[in-house]
Amino acid sequence: MSDWLIYRGAGAPHDGIEHLPPPPPWRDFDGGPLVAPPAALDPSSERRLGVQHREASHHRPGETERELVNAALYLRRPLLVTGAPGSGKSTLAHSVAYELGLGRVLGWPVVSRSTLRDGLYDYDAIGRLQDLQIARAAPAAAEGAEGTAAPGPDPTDEPGGGIGRYIRLGPLGTALLPAARPRVLLVDELDKSDIDLPNDLLNVLEEGEFRIPELERLAGSAPEVEVLSDDGTRVTVRDGRVRCRAFPFIVLTSNGERDFPAPLLRRCIHLHIPVPDKERLAAMVRAHFGDGAAERYEAVIDRFLDREPGDVRAVDQLFNAIHLTQRAGWTDEDEEETRRRLTAELMRPLDRTR
């Protein structure tokens, strides 16, 4: 295997990220203060990679996938991953995080209503106003009732009038926090977004930073404010600006339902994942169902691959058929007919309604 590969696609954790060369001068960021490392992988990654981490070794990306993932790491560019539903686009982000020890994968599932602000941060202005009103009313209420418990701390006593309590960074905003190692961010199904979102992302992806106007206005009196991250931890934002140190490893997935603007494509490394062949499907089945499962359910895998040109099937359909076959315990001839019929229904092409 080439020595230049940081991500090797072998499914075994290693310290390769420590050997990642410095970024290009035009992708070198200097954000601070550094935040603490993220938590380890969460159950979402475990589900993606298989029941047990050791079985992640069955996920073996092809040579082109490995090379383009590493190109994105070296160049500090987002990776735009296209392919049919169920081809493993999202799993790639979890595989990189697991192998390189980059912690919990930040997930941003995009829908038609998603905006750039949703990915960056949320400010609960109404909640803050209500808490301020309660805090100001508490002393007066306490004066009129003997034996009343002392009022709680006034949020206005905190830096910035306690505004940090009401700001929570989104997945993209958290990924751009200044960290010693890159975070992994999965922006899932970008093609489902409103037409404006891909263009709105351009400046953030290029500059590696964003501003929080609510904190910028207070920078003179409160230059550092603690806010909540998508990880659920408190982090410090300085002068109302979040700027990365290590540019995150960002995976943008698309099912190919729309074209993206050229400026976004220019800022990304493009990887197309083809429909999995039998060898790759067998590896996925072993990862989720254990050694020997691919051979035991070879007929189901063959049935999944037996399709008309243009038919669309997702790998989840194959997993569903195998799990049902495994748990139902069909044995006699009548049950075998049930198995065949239900397998055909579960793996019906997604582009067919009947």
# chains A, B, ... in the order shown; residues from 1 in each chain; ligands from 1
>>> select_by_dssp(residues="region 272-329 of chain A", states="alpha helix (DSSP H)", output="PyMOL selection string")
chain A and resi 278-289+293-296+298-305+315-328
>>> closest_residue(among="A:Arg296, A:Arg183, A:His270, A:Arg238", to="Glu65 (chain A)", atoms="only C-alpha atoms")
A:His270
>>> closest_atom_pairs(of="region 243-299 of chain A", to="region 306-313 of chain A", cutoff="12 Å", atoms="only C-alpha atoms", output="CSV")
residue,atom,partner,partner_atom,distance
A:Asn255,CA,A:Val312,CA,11.3
A:Val275,CA,A:Arg313,CA,9.1
A:Pro276,CA,A:Arg313,CA,10.5
A:Asp277,CA,A:Asp306,CA,11.2
A:Lys278,CA,A:Asp306,CA,10.8
A:Ala299,CA,A:Asp306,CA,10.4
>>> atom_distance(atom1="CA of Leu34 (chain A)", atom2="CA of Leu215 (chain A)")
18.6 Å
>>> residues_around(residues="Leu281 (chain A)", least_positions_apart="6", cutoff="9 Å", atoms="only C-alpha atoms", output="list in words")
Ala294, Ile301, Val315 and Leu318 of chain A
>>> residues_around(residues="Arg128 (chain A)", least_positions_apart="5", cutoff="10 Å", atoms="only C-alpha atoms", output="number ranges by chain")
A: 123, 133-134, 155, 161-167
>>> write_last_selection(atoms="N, CA and C atoms", output="short mmCIF file (atom, residue, chain, number, x, y, z; two decimals), in the first residue's frame")
data_model
loop_
_atom_site.label_atom_id
_atom_site.label_comp_id
_atom_site.auth_asym_id
_atom_site.auth_seq_id
_atom_site.Cartn_x
_atom_site.Cartn_y
_atom_site.Cartn_z
N TYR A 123 -29.96 30.52 18.06
CA TYR A 123 -30.05 31.48 19.17
C TYR A 123 -31.49 31.52 19.65
N GLN A 133 -36.94 38.03 32.32
CA GLN A 133 -38.14 38.54 32.99
C GLN A 133 -38.36 37.83 34.32
N ILE A 134 -38.13 36.50 34.33
CA ILE A 134 -38.30 35.73 35.56
C ILE A 134 -37.27 36.15 36.60
N PRO A 155 -28.96 35.61 35.33
CA PRO A 155 -28.17 35.33 34.14
C PRO A 155 -27.47 36.56 33.59
N GLY A 161 -24.14 39.22 29.48
CA GLY A 161 -25.51 39.15 29.97
C GLY A 161 -26.09 37.75 29.93
N GLY A 162 -25.23 36.74 29.96
CA GLY A 162 -25.70 35.36 29.96
C GLY A 162 -26.17 34.87 28.60
N ILE A 163 -25.83 35.59 27.53
CA ILE A 163 -26.32 35.22 26.21
C ILE A 163 -25.81 33.85 25.77
N GLY A 164 -24.65 33.45 26.27
CA GLY A 164 -24.08 32.17 25.86
C GLY A 164 -24.94 30.98 26.20
N ARG A 165 -25.80 31.13 27.23
CA ARG A 165 -26.70 30.04 27.60
C ARG A 165 -27.68 29.71 26.49
N TYR A 166 -27.93 30.67 25.62
CA TYR A 166 -29.02 30.54 24.65
C TYR A 166 -28.52 30.35 23.22
N ILE A 167 -27.24 30.12 23.08
CA ILE A 167 -26.67 29.87 21.76
C ILE A 167 -26.11 28.45 21.72
#
>>> residues_around(residues="region 189-200 of chain A", least_positions_apart="4", cutoff="6 Å", atoms="only C-alpha atoms", output="ChimeraX atom specification")
/A:110-112,253-254,258
>>> residues_around(residues="Val204 (chain A)", least_positions_apart="6", cutoff="10 Å", atoms="only C-alpha atoms", output="number ranges by chain")
A: 116, 120, 172-173, 176, 210-211, 243
>>> closest_residue(among="A:Arg77, A:Arg217, A:His272, A:His14", to="Leu92 (chain A)", atoms="only C-alpha atoms")
A:His272
>>> atom_distance(atom1="CA of Tyr297 (chain A)", atom2="CA of Asn320 (chain A)")
12.2 Å
>>> residues_around(residues="region 67-74 of chain A", least_positions_apart="4", cutoff="9 Å", atoms="only C-alpha atoms", output="count of residues only")
24
